[in-house]
Every structure is written in C-alpha cells, then in structure tokens.
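So this block is upload-v4.txt, compact mmCIF, C-alpha atoms:
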```txt
# COMPACT_ATOMS: atom_id res chain seq x y z
CA MET H 21 0.00 0.00 0.00
CA PRO H 22 1.48 3.38 -0.95
CA LYS H 23 2.41 5.86 1.75
CA THR H 24 -0.11 8.71 1.77
CA ARG H 25 0.43 12.45 2.11
CA SER H 26 -0.17 14.14 5.43
CA ASN H 27 -1.93 16.99 3.61
CA GLN H 28 -4.63 15.35 1.52
CA ILE H 29 -5.55 16.79 -1.88
CA LYS H 30 -9.03 18.32 -1.67
CA ILE H 31 -11.56 17.01 -4.18
CA MET H 32 -14.40 18.89 -5.86
CA LEU H 33 -16.87 16.35 -7.24
CA ASP H 34 -18.63 17.04 -10.52
CA SER H 35 -21.59 14.91 -11.56
CA GLY H 36 -20.22 14.32 -15.05
CA ALA H 37 -23.62 15.17 -16.54
CA PHE H 38 -22.04 16.51 -19.72
CA SER H 39 -20.06 13.29 -20.30
CA ALA H 40 -23.19 11.21 -19.71
CA TRP H 41 -25.21 13.47 -22.05
CA GLY H 42 -22.60 13.03 -24.78
CA ARG H 43 -23.07 9.26 -24.55
CA GLY H 44 -26.85 9.42 -24.48
CA GLU H 45 -27.05 8.48 -20.80
CA VAL H 46 -29.00 10.06 -17.94
CA LEU H 47 -27.67 10.16 -14.37
CA ASP H 48 -29.98 9.26 -11.51
CA LEU H 49 -30.32 11.93 -8.82
CA ASN H 50 -30.82 9.50 -5.94
CA ASP H 51 -27.75 7.46 -6.93
CA TYR H 52 -25.69 10.66 -7.04
CA ILE H 53 -26.95 11.69 -3.60
CA GLN H 54 -26.10 8.29 -2.12
CA PHE H 55 -22.61 8.38 -3.65
CA ILE H 56 -21.93 11.79 -2.09
CA LYS H 57 -23.22 10.69 1.31
CA ARG H 58 -21.04 7.57 1.16
CA TYR H 59 -17.86 9.53 0.40
CA GLN H 60 -18.71 12.92 1.91
CA LYS H 61 -15.73 12.83 4.28
CA LEU H 62 -13.40 12.50 1.28
CA LEU H 63 -14.96 15.46 -0.57
CA ASP H 64 -14.25 19.14 -0.15
CA THR H 65 -17.19 20.32 -2.31
CA TYR H 66 -19.60 18.82 -4.84
CA ILE H 67 -21.54 20.27 -7.77
CA ASN H 68 -25.26 19.92 -8.34
CA LEU H 69 -26.57 17.37 -10.85
CA ASP H 70 -27.42 19.77 -13.64
CA VAL H 71 -29.23 18.85 -16.84
CA ILE H 72 -27.84 19.40 -20.34
CA PRO H 73 -30.57 20.42 -22.82
CA GLY H 74 -31.28 18.77 -26.15
CA GLU H 75 -29.43 15.94 -27.85
CA ARG H 76 -25.86 15.83 -29.09
CA GLY H 77 -25.55 17.09 -32.65
CA THR H 78 -28.93 18.85 -32.71
CA ARG H 79 -29.84 22.52 -32.41
CA VAL H 80 -31.16 23.30 -28.94
CA SER H 81 -34.33 25.35 -28.64
CA VAL H 82 -34.98 28.06 -26.04
CA ARG H 83 -37.74 25.88 -24.63
CA GLU H 84 -35.32 22.96 -24.10
CA VAL H 85 -32.81 25.25 -22.39
CA GLU H 86 -35.43 26.62 -20.00
CA ARG H 87 -36.77 23.14 -19.25
CA ALA H 88 -33.25 21.88 -18.45
CA ALA H 89 -32.70 24.87 -16.15
CA ALA H 90 -35.95 24.10 -14.31
CA ILE H 91 -35.00 20.44 -13.77
CA SER H 92 -31.50 21.48 -12.63
CA LEU H 93 -33.08 23.79 -10.03
CA ASP H 94 -35.36 20.96 -8.88
CA ASN H 95 -32.29 18.71 -8.51
CA TYR H 96 -30.57 21.40 -6.45
CA ARG H 97 -33.55 21.70 -4.15
CA GLY H 98 -33.80 17.89 -3.92
CA MET H 99 -30.15 17.60 -2.88
CA ARG H 100 -30.66 20.33 -0.30
CA ALA H 101 -33.71 18.49 1.04
CA ALA H 102 -31.53 15.37 1.39
CA GLY H 103 -29.22 17.26 3.75
CA LEU H 104 -26.52 18.15 1.20
CA ASP H 105 -25.13 21.53 0.21
CA PRO H 106 -24.29 21.26 -3.52
CA ILE H 107 -22.96 24.02 -5.76
CA PRO H 108 -25.58 24.88 -8.42
CA VAL H 109 -24.65 25.78 -12.00
CA PHE H 110 -25.85 28.74 -14.05
CA HIS H 111 -25.24 28.13 -17.76
CA TYR H 112 -24.69 30.41 -20.72
CA GLY H 113 -27.95 30.56 -22.69
CA GLU H 114 -30.27 30.38 -19.69
CA SER H 115 -32.33 33.44 -18.83
CA PHE H 116 -30.93 35.43 -15.92
CA GLY H 117 -34.08 34.77 -13.96
CA TRP H 118 -32.60 31.34 -13.14
CA LEU H 119 -29.55 32.99 -11.58
CA ASP H 120 -31.92 35.06 -9.44
CA LYS H 121 -33.70 31.86 -8.36
CA LEU H 122 -30.40 30.27 -7.31
CA LEU H 123 -29.55 33.30 -5.19
CA GLU H 124 -33.06 33.38 -3.72
CA SER H 125 -32.69 29.68 -2.84
CA GLY H 126 -29.80 30.61 -0.57
CA ALA H 127 -26.87 29.42 -2.73
CA LYS H 128 -23.58 30.75 -1.33
CA TYR H 129 -21.36 29.12 -3.95
CA ILE H 130 -22.34 29.13 -7.66
CA CYS H 131 -20.76 27.71 -10.82
CA LEU H 132 -20.81 29.60 -14.10
CA GLY H 133 -20.73 27.14 -16.99
CA GLY H 134 -21.42 26.57 -20.66
CA THR H 135 -18.79 29.06 -21.83
CA VAL H 136 -16.19 26.67 -23.25
CA GLY H 137 -15.88 27.29 -26.97
CA LEU H 138 -17.60 30.68 -26.95
CA LYS H 139 -15.96 33.52 -28.86
CA THR H 140 -14.12 35.92 -26.59
CA PRO H 141 -16.51 38.94 -26.95
CA VAL H 142 -19.57 36.75 -26.34
CA LYS H 143 -17.96 35.12 -23.32
CA ARG H 144 -16.95 38.48 -21.88
CA ARG H 145 -20.46 39.93 -22.24
CA PHE H 146 -22.00 36.93 -20.53
CA LEU H 147 -19.54 36.93 -17.64
CA ASP H 148 -19.79 40.70 -17.25
CA GLU H 149 -23.54 40.41 -16.81
CA CYS H 150 -23.16 37.50 -14.39
CA TRP H 151 -20.67 39.38 -12.27
CA THR H 152 -22.84 42.48 -12.23
CA ALA H 153 -25.43 40.35 -10.45
CA LEU H 154 -22.88 38.63 -8.21
CA THR H 155 -20.98 41.66 -6.88
CA ASP H 156 -21.88 44.71 -4.83
CA ARG H 157 -21.52 48.29 -6.06
CA ALA H 158 -17.83 48.24 -5.18
CA GLY H 159 -17.30 45.11 -7.29
CA ARG H 160 -16.80 42.76 -4.31
CA PRO H 161 -18.30 39.24 -4.66
CA LEU H 162 -21.52 38.51 -2.80
CA VAL H 163 -21.16 34.73 -3.16
CA ARG H 164 -18.29 32.40 -3.99
CA VAL H 165 -18.14 31.72 -7.72
CA HIS H 166 -16.51 28.84 -9.61
CA GLY H 167 -15.61 29.05 -13.30
CA LEU H 168 -16.23 25.76 -15.09
CA GLY H 169 -13.42 25.50 -17.63
CA VAL H 170 -12.59 29.21 -17.29
CA THR H 171 -8.80 29.43 -17.14
CA GLU H 172 -7.90 31.98 -19.83
CA GLY H 173 -5.69 34.61 -18.24
CA GLN H 174 -7.82 37.58 -19.32
CA PHE H 175 -10.95 36.11 -17.72
CA LEU H 176 -9.24 34.95 -14.54
CA MET H 177 -7.81 38.43 -14.00
CA ARG H 178 -11.02 40.28 -14.86
CA TYR H 179 -13.30 38.77 -12.19
CA PRO H 180 -13.07 37.95 -8.44
CA TRP H 181 -13.39 34.16 -8.73
CA HIS H 182 -13.26 31.90 -5.73
CA SER H 183 -12.17 28.96 -7.89
CA ALA H 184 -11.84 27.73 -11.45
CA ASP H 185 -11.02 24.34 -12.92
CA SER H 186 -8.62 23.58 -15.73
CA THR H 187 -7.89 20.64 -18.01
CA SER H 188 -5.45 22.69 -20.10
CA TRP H 189 -2.54 21.51 -17.91
CA CYS H 190 -2.89 17.94 -19.23
CA ILE H 191 -4.01 18.78 -22.80
CA ALA H 192 -1.91 21.68 -24.12
CA PRO H 193 1.43 19.98 -23.23
CA ILE H 194 0.49 17.07 -25.50
CA TYR H 195 0.80 19.54 -28.36
CA GLY H 196 4.21 20.76 -27.23
CA MET H 197 3.11 23.74 -25.12
CA ILE H 198 4.00 25.04 -21.68
CA LEU H 199 2.80 28.00 -19.65
CA VAL H 200 5.35 30.45 -18.24
CA PRO H 201 4.54 33.30 -15.83
CA GLY H 202 5.25 36.98 -16.22
CA MET H 203 6.51 37.28 -19.81
CA ILE H 204 3.99 39.67 -21.35
CA ALA H 205 2.91 43.02 -19.89
CA GLY H 206 -0.67 42.90 -18.67
CA SER H 207 -0.83 39.11 -18.54
CA PHE H 208 0.23 36.76 -15.75
CA SER H 209 1.37 34.05 -18.17
CA ALA H 210 2.33 33.21 -21.74
CA GLN H 211 1.98 29.97 -23.66
CA ILE H 212 5.24 28.85 -25.26
CA TYR H 213 5.50 26.25 -28.01
CA LEU H 214 8.43 23.87 -27.59
CA GLY H 215 8.14 21.28 -30.29
CA GLY H 216 6.61 18.19 -31.71
CA GLY H 217 4.72 18.00 -34.97
CA ASN H 218 5.77 20.25 -37.84
CA LEU H 219 9.13 21.84 -37.12
CA GLY H 220 8.06 24.92 -39.06
CA ASP H 221 5.15 25.66 -36.73
CA ASP H 222 5.49 29.11 -35.23
CA LYS H 223 2.37 29.27 -33.04
CA ALA H 224 1.91 33.04 -33.36
CA GLY H 225 5.56 33.79 -32.68
CA ARG H 226 5.58 31.81 -29.43
CA ARG H 227 8.02 29.12 -30.57
CA PHE H 228 10.89 28.95 -28.08
CA GLU H 229 13.62 29.14 -30.74
CA ARG H 230 12.20 32.37 -32.13
CA LEU H 231 11.84 34.19 -28.83
CA PRO H 232 14.29 36.99 -27.95
CA ALA H 233 17.29 35.83 -25.93
CA SER H 234 15.96 37.46 -22.76
CA ALA H 235 12.64 35.63 -23.12
CA GLN H 236 14.43 32.32 -23.70
CA GLU H 237 16.42 32.90 -20.52
CA HIS H 238 13.16 33.55 -18.65
CA VAL H 239 11.70 30.25 -19.88
CA LEU H 240 14.88 28.32 -18.98
CA LYS H 241 14.99 29.89 -15.53
CA PHE H 242 11.40 28.96 -14.73
CA ALA H 243 11.96 25.43 -16.08
CA ALA H 244 15.01 25.08 -13.83
CA GLU H 245 12.99 26.27 -10.82
CA CYS H 246 10.55 23.45 -11.62
CA GLY H 247 13.42 20.94 -11.82
CA PHE H 248 13.58 20.48 -15.61
CA THR H 249 15.94 21.27 -18.48
CA ILE H 250 14.97 22.43 -21.95
CA THR H 251 15.69 18.90 -23.20
CA ASP H 252 13.23 17.50 -20.65
CA LEU H 253 10.56 19.90 -21.87
CA ARG H 254 11.15 19.13 -25.53
CA ASN H 255 10.98 15.36 -25.10
CA ASP H 256 8.80 14.66 -22.08
CA VAL H 257 5.11 15.55 -22.10
CA TYR H 258 4.91 15.02 -18.33
CA ALA H 259 7.71 17.52 -17.73
CA ARG H 260 5.73 20.06 -19.78
CA MET H 261 2.63 19.26 -17.74
CA ALA H 262 4.56 19.82 -14.50
CA VAL H 263 5.74 23.26 -15.66
CA PHE H 264 2.22 24.14 -16.84
CA VAL H 265 0.83 23.21 -13.42
CA ARG H 266 3.47 25.25 -11.58
CA CYS H 267 2.60 28.32 -13.65
CA LEU H 268 -1.11 27.99 -12.88
CA LEU H 269 -0.24 27.75 -9.18
CA VAL H 270 1.85 30.92 -9.46
CA ALA H 271 -1.17 32.60 -11.09
CA GLN H 272 -3.39 31.84 -8.09
CA ALA H 273 -2.06 34.79 -6.14
CA GLN H 274 -2.69 37.23 -9.01
CA VAL H 275 -6.44 36.75 -9.40
CA GLY H 276 -8.19 39.89 -8.18
CA ASN H 277 -10.85 40.31 -5.50
CA ARG H 278 -13.04 42.90 -7.25
CA PHE H 279 -14.95 43.31 -10.52
CA ARG H 280 -13.62 46.63 -11.81
CA TYR H 281 -15.02 46.67 -15.34
CA ARG H 282 -18.70 47.50 -14.78
CA ARG H 283 -20.01 50.08 -17.22
CA GLY H 284 -23.33 51.12 -15.71
CA GLY H 285 -24.63 47.58 -15.42
CA PHE H 286 -25.81 45.10 -18.03
CA GLY H 287 -29.31 44.14 -19.10
CA THR H 288 -31.87 44.08 -16.31
CA VAL H 289 -29.84 42.21 -13.70
CA PRO H 290 -30.01 44.15 -10.41
CA ILE H 291 -26.94 45.09 -8.39
CA ARG H 292 -27.47 43.70 -4.91
CA ASP H 293 -26.50 45.35 -1.65
CA LEU H 294 -25.55 42.31 0.42
CA PRO H 295 -22.53 41.64 2.63
CA PRO H 296 -19.55 40.72 0.42
CA VAL H 297 -17.66 37.46 0.98
CA THR H 298 -13.93 36.85 1.33
CA SER H 299 -12.69 34.97 -1.72
CA ASN H 300 -9.12 33.63 -1.89
CA PHE H 301 -8.76 32.13 -5.33
CA ARG H 302 -7.89 28.45 -5.79
CA MET H 303 -7.03 26.65 -9.01
CA ILE H 304 -8.68 23.25 -9.29
CA PHE H 305 -7.00 20.73 -11.60
CA ALA H 306 -9.39 18.58 -13.62
CA GLY H 307 -8.55 15.57 -15.76
CA ASN H 308 -8.66 11.80 -15.66
CA VAL H 309 -5.54 10.97 -13.64
CA SER H 310 -6.77 7.71 -12.14
CA SER H 311 -5.20 5.42 -14.73
CA ASP H 312 -1.91 7.29 -15.14
CA PRO H 313 0.55 7.28 -12.21
CA TYR H 314 2.72 9.84 -14.01
CA LEU H 315 -0.15 12.35 -14.06
CA GLN H 316 -0.73 11.73 -10.37
CA GLY H 317 2.98 12.29 -9.75
CA VAL H 318 2.88 15.58 -11.68
CA LEU H 319 0.16 16.93 -9.38
CA ARG H 320 1.85 15.69 -6.22
CA GLY H 321 5.26 16.99 -7.23
CA ALA H 322 3.88 20.47 -7.88
CA GLY H 323 2.11 20.58 -4.52
CA VAL H 324 -1.41 20.76 -5.98
CA GLU H 325 -4.07 21.07 -3.26
CA HIS H 326 -7.32 20.94 -5.26
CA THR H 327 -8.58 18.59 -7.95
CA LEU H 328 -11.89 17.99 -9.71
CA ARG H 329 -13.23 14.46 -10.15
CA SER H 330 -16.29 13.25 -12.06
CA TYR H 331 -18.88 11.00 -10.46
CA TYR H 332 -19.52 9.61 -13.93
CA GLU H 333 -16.05 8.00 -13.88
CA HIS H 334 -17.18 5.84 -10.92
CA LEU H 335 -20.77 5.30 -12.03
CA ARG H 336 -20.36 1.59 -12.77
CA ASP H 337 -17.97 0.88 -9.90
CA PRO H 338 -18.64 3.20 -6.93
CA ASP H 339 -16.17 1.22 -4.79
CA SER H 340 -13.31 2.43 -7.02
CA PHE H 341 -13.52 5.98 -5.66
CA ALA H 342 -11.76 5.11 -2.39
CA GLY H 343 -8.88 3.59 -4.36
CA TYR H 344 -8.69 6.68 -6.55
CA VAL H 345 -8.37 8.93 -3.50
CA GLU H 346 -5.65 6.73 -2.03
CA CYS H 347 -3.60 6.76 -5.24
CA LEU H 348 -4.10 10.51 -5.63
CA ASN H 349 -2.53 11.12 -2.22
CA ALA H 350 0.35 8.63 -2.40
CA GLU H 351 3.76 10.12 -1.52
CA THR H 352 5.38 10.02 -4.96
CA ALA H 353 6.35 12.92 -7.19
CA TYR H 354 7.09 12.71 -10.90
CA ARG H 355 10.69 12.86 -12.08
CA THR H 356 11.85 12.57 -15.69
CA ALA H 357 14.21 9.75 -14.70
CA GLN H 358 11.20 7.55 -14.01
CA ARG H 359 10.48 7.13 -17.72
CA LYS H 360 12.51 5.53 -20.47
CA MET H 361 12.14 7.78 -23.48
CA PRO H 362 14.11 8.93 -26.51
CA ARG H 363 16.31 11.91 -25.70
CA VAL H 364 16.33 14.30 -28.63
CA ASP H 365 18.12 17.58 -27.94
CA TRP H 366 16.95 20.00 -30.63
CA LYS H 367 19.61 22.67 -30.92
CA SER H 368 17.96 25.60 -32.68
CA MET H 369 15.13 26.54 -34.97
CA ASN H 370 17.63 27.74 -37.60
CA TYR H 371 19.28 24.33 -37.62
CA HIS H 372 15.93 22.63 -38.17
CA ASP H 373 15.01 25.03 -40.96
CA HIS H 374 18.33 24.22 -42.64
CA ARG H 375 17.82 20.46 -42.35
CA ARG H 376 14.23 20.62 -43.61
CA ARG H 377 15.39 22.50 -46.70
CA GLN H 378 18.03 19.86 -47.30
CA LEU H 379 15.52 17.04 -46.99
CA ALA H 380 13.08 18.80 -49.27
CA ALA H 381 15.81 19.25 -51.89
CA ARG H 382 16.57 15.54 -51.79
CA GLY H 383 12.89 14.68 -52.03
CA THR H 384 12.94 12.38 -49.01
CA GLY H 385 11.40 12.49 -45.55
CA GLU H 386 14.23 10.68 -43.79
CA ASP H 387 17.93 11.32 -43.25
CA GLU H 388 20.26 9.05 -41.29
CA GLU H 389 22.73 11.85 -40.64
CA TYR H 390 19.97 14.02 -39.23
CA GLY H 391 19.01 11.36 -36.73
CA ALA H 392 22.60 10.74 -35.75
CA GLU H 393 23.23 14.41 -35.04
CA THR H 394 20.16 15.01 -32.89
CA THR H 395 19.69 11.80 -30.93
CA THR H 396 21.59 11.45 -27.67
```
Turn the structure described in the file into structure tokens.
Amino acid sequence: MPKTRSNQIKIMLDSGAFSAWGRGEVLDLNDYIQFIKRYQKLLDTYINLDVIPGERGTRVSVREVERAAAISLDNYRGMRAAGLDPIPVFHYGESFGWLDKLLESGAKYICLGGTVGLKTPVKRRFLDECWTALTDRAGRPLVRVHGLGVTEGQFLMRYPWHSADSTSWCIAPIYGMILVPGMIAGSFSAQIYLGGGNLGDDKAGRRFERLPASAQEHVLKFAAECGFTITDLRNDVYARMAVFVRCLLVAQAQVGNRFRYRRGGFGTVPIRDLPPVTSNFRMIFAGNVSSDPYLQGVLRGAGVEHTLRSYYEHLRDPDSFAGYVECLNAETAYRTAQRKMPRVDWKSMNYHDHRRRQLAARGTGEDEEYGAETTT
C-alpha cells in the first residue's frame, strides 16, 4: 500500500452530466446523492446534478434550455432536502431569472458554466452580466463563484473568482506547449510552443527558438525552478505538464478580489447590496488521472491542493472511488528519470530550418545523418 500524504488533496466532485449526455445516458439523482453521502468525508465540495438540454448534434431550442434549467433547479432543491449543500450551475444561454432563483434559494457558492468554446466577446459579455449580479456596487463578490473550464488569463484576472477548474494543464502539453509566468505586460502568463509535430510551426511567434534571448532565458529559468531542463521539456510531455501546473499555481495569487469593469450595469440584472464574501482564489485541476501514475505524480510533485473528479467515472464501480483517492494522495512525485524515453536535444530553430530544406531538396522524408546528429 502506498504511503499517503499528510496533507490530503481536496476534491471537488462534478456529476459528469455533460459526459453522460454526450453518450446518451442520464444520471440518476438518488444514486448521485447516495454516492456523495457515502464519500462525503473525502470530498471538499460537490456540484449539483445539472441537466444538459437537447441531444448531441442537434440545435437546442430556447424551450429545451429553459426546461433543463428548471430540472436542474429541482435537482438542487432535492439535494438540499436530502441534507446536502451542492454548488448549483448557471449556464450560458439560460435566462438570468434562473440565476436570481439560485440566489433566492440561498446558494452561497455558484458555478458559471457553458462558456467553453464561446468567442471571446460573447464570453466576456456573458460573464460581465453574471458578475454584475454577483458583486456589490464596489465590485466585491456577494457569493463564492466557480468558473467551469474558465482558465484563460484575461478572464481569470477580470473577475473575483473563488475557484476555477482547468484541463489545459494535461491537454496543451500534448501539443508541445507550456505556460510560463510573467513574460507579457498585462498578462500573468504566456503559452510557449516547444516542439513536436511540424518543425516549421510558429504558433503566433511563441516558438521557443524564435523568442528573444531574454525571453528564452526567462523560460529556462522557470523550467530550472521546476526541476527540468529544456531537453526534458522538448521530449517529455509530463515535464511540460509539471511546468504548466506550476505556472497555474503561481497565477493563483494574481487573481483579483473585485470586478472593476462594470459600465453602468448590463441588461436588467439588479446590483445587490448584500454583505460581500472573502474569496481567496484556488485553481482546481481537472482531468482523468486515475489510470496514469505519471499524471498523479505531476500533481503531487507540484504541490497541488485541489482537484476535480467526475462521479460519472465511478458510475459503474462506486467502490473504485476510495482507491482513486488513495492513489491521488500517495507520496510520490514525478521525475523525468522515471520514464525511459528517446532523448532528442533540438539545438535551434535555424538548424531545423536548414535540415528541412536539405531534406526537401533531396525529395525524401528521412535522413540518417539528421538522426545521428540530434539523438543522444
């Protein structure tokens, strides 16, 4: 049995309603309630069983959206009646009257969801209107607010969140990206592209080899603080994940505590005069880490304190949740030496450009000399 941490990682439980909806399944409210009661001591918080409108691949009508919001509210009230205190969700597309109903029901912690994939101006307008309703006249939050999948720097910095969850830490690094703090004025982080795929990819000028020397030094310094070299980051997706996680943890302290961008209010949502709440932001790391010990090690090594887990992942085997929690808190951190992997030390973008031109001139996609020079 693995040795467990003295400071246990706190778990926010999501119902996984969206995953179930995508597979044409419906979650049972009573089963969800019983699962929470069984494992309540292992949970920090848990989200209401909300309802996703319509069917996958079809256009959703206003009527379907409103009906889903009504059922979600009924589920929230049912969980409250069962002695639980879930976090309800207000979705993009629902009328703001439903947000009023959640506040009138006594919700002290609310999720804002349905914004993933929205264009930036649309997302900003929606969140601006939400935060007008959720802050006092000085812009201080009246309830704790969680952003479902809201981890873009501009939106984290704009609003006084209590928490937000992210899967970007375990997705973007697969495509050769890391997140580094403090490189661009007005932003707490910058995404840097390190490799993989087409060597000519520039990623909007964020390729490491094409950064100014001072910016490259900044990236290397932060990587070293995380315990990795540039070669680790180029070749090891888990090393990139670890650096991404560390940057998000650095960002925690920079999220503000007031909404400063109100321009005379939005729509018809009233500004409430209620006592504001204290909200110290926490980043919650989402992703399916149960089957990958390296992912678990990345979170432990970075000192992550909050994760999000889906009930849907344990739907068919509720007993597996206890084992998941035990593995999540085992005393093991990820190190690059744990994995056997090819070590390719790419020297410079100019070198790669030169070699690609040579290969193109020869009309071949392979070159033995190229492999011999770059593989260590």
Give one line per residue of stretch 32-145 of chain H that approaches stretch 296-311 of chain H to at most 10 Å, naming the two atoms of the closest pair and their distance in Å to one decimal, counting all atoms listed in the file; sort by chain then ascending residue number and deliver it as JSON lines.
```
{"residue": "H:Met32", "atom": "CA", "partner": "H:Ile304", "partner_atom": "CA", "distance": 8.0}
{"residue": "H:Asp34", "atom": "CA", "partner": "H:Ala306", "partner_atom": "CA", "distance": 9.9}
{"residue": "H:Lys128", "atom": "CA", "partner": "H:Val297", "partner_atom": "CA", "distance": 9.2}
```
Q.
Quick check, in Å to one decimal: how far apart do atom CA of H:Pro141 and atom CA of H:Phe175 lie?
A. 11.1 Å
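Nearest to H:Asp48 of all the residues H:Val142, H:Pro108, H:Gly343, H:Tyr332 is H:Tyr332, counting only C-alpha atoms.
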Q) From the list H:His334, H:Arg282, H:Arg76, H:Arg164, which residue is nearest H:Leu147 when using only C-alpha atoms? A) H:Arg282
Taking 3 positions as the minimum chain separation for residues in the same chain, which residues sit within 12 Å of H:Val170 when counting only C-alpha atoms? Answer as a CSV table (one decimal) with C-alpha atoms, keeping the file's coordinate frame.
```csv
chain,number,residue,atom,x,y,z
H,131,CYS,CA,-20.8,27.7,-10.8
H,132,LEU,CA,-20.8,29.6,-14.1
H,133,GLY,CA,-20.7,27.1,-17.0
H,134,GLY,CA,-21.4,26.6,-20.7
H,135,THR,CA,-18.8,29.1,-21.8
H,136,VAL,CA,-16.2,26.7,-23.2
H,137,GLY,CA,-15.9,27.3,-27.0
H,138,LEU,CA,-17.6,30.7,-27.0
H,140,THR,CA,-14.1,35.9,-26.6
H,143,LYS,CA,-18.0,35.1,-23.3
H,144,ARG,CA,-17.0,38.5,-21.9
H,147,LEU,CA,-19.5,36.9,-17.6
H,165,VAL,CA,-18.1,31.7,-7.7
H,166,HIS,CA,-16.5,28.8,-9.6
H,167,GLY,CA,-15.6,29.0,-13.3
H,173,GLY,CA,-5.7,34.6,-18.2
H,174,GLN,CA,-7.8,37.6,-19.3
H,175,PHE,CA,-11.0,36.1,-17.7
H,176,LEU,CA,-9.2,35.0,-14.5
H,177,MET,CA,-7.8,38.4,-14.0
H,178,ARG,CA,-11.0,40.3,-14.9
H,179,TYR,CA,-13.3,38.8,-12.2
H,181,TRP,CA,-13.4,34.2,-8.7
H,182,HIS,CA,-13.3,31.9,-5.7
H,183,SER,CA,-12.2,29.0,-7.9
H,184,ALA,CA,-11.8,27.7,-11.4
H,185,ASP,CA,-11.0,24.3,-12.9
H,186,SER,CA,-8.6,23.6,-15.7
H,187,THR,CA,-7.9,20.6,-18.0
H,188,SER,CA,-5.4,22.7,-20.1
H,303,MET,CA,-7.0,26.6,-9.0
H,304,ILE,CA,-8.7,23.2,-9.3
H,305,PHE,CA,-7.0,20.7,-11.6
H,306,ALA,CA,-9.4,18.6,-13.6
```
Q: Could you give me, as a ChimeraX atom specification, the residues within 12 Å of stretch 85-100 of chain H, counting only C-alpha atoms and dropping anything in the same chain fewer than 3 positions from it?
A: /H:35,37,47-57,66-75,79-82,103-127,130,134
Q: Could you jot down the atom CA of H:Gly159 to atom CA of H:Phe279 separation for me, Å, one decimal place?
A: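 About the pair atom CA of H:Gly159 and atom CA of H:Phe279: they are 4.4 Å apart.
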Q | Of the listed residues H:Leu315, H:Cys267, H:Ala350, H:Ile31, that which approaches H:Val200 most closely, counting only C-alpha atoms | A |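 Using only C-alpha atoms, H:Val200 sits closest to H:Cys267.
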Q: Provide the atom CA of H:His326 to atom CA of H:Arg266 distance in Å, to one decimal place.
A: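 About the pair atom CA of H:His326 and atom CA of H:Arg266: they are 13.2 Å apart.
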Given 6 Å of margin on each side, can you work out the centre and size in Å (one decimal) of an axis-aligned box holding every listed atom of stretch 157-163 of chain H, as lines of an AutoDock Vina configuration file?
```
center_x = -19.2
center_y = 41.5
center_z = -5.0
size_x = 16.7
size_y = 25.6
size_z = 16.5
```
Q | Counting only C-alpha atoms, the option among H:Val239, H:Leu335, H:Cys347, H:Leu62 closest to H:Tyr314 | A |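 Of H:Val239, H:Leu335, H:Cys347, H:Leu62, the one nearest H:Tyr314, counting only C-alpha atoms, is H:Cys347.
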Q: Point out the residue among H:Met261, H:Ala101, H:Leu154, H:Cys190 with the least atom-to-atom distance to H:Ala322, counting all atoms listed in the file.
A: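 Using all atoms listed in the file, H:Ala322 sits closest to H:Met261.
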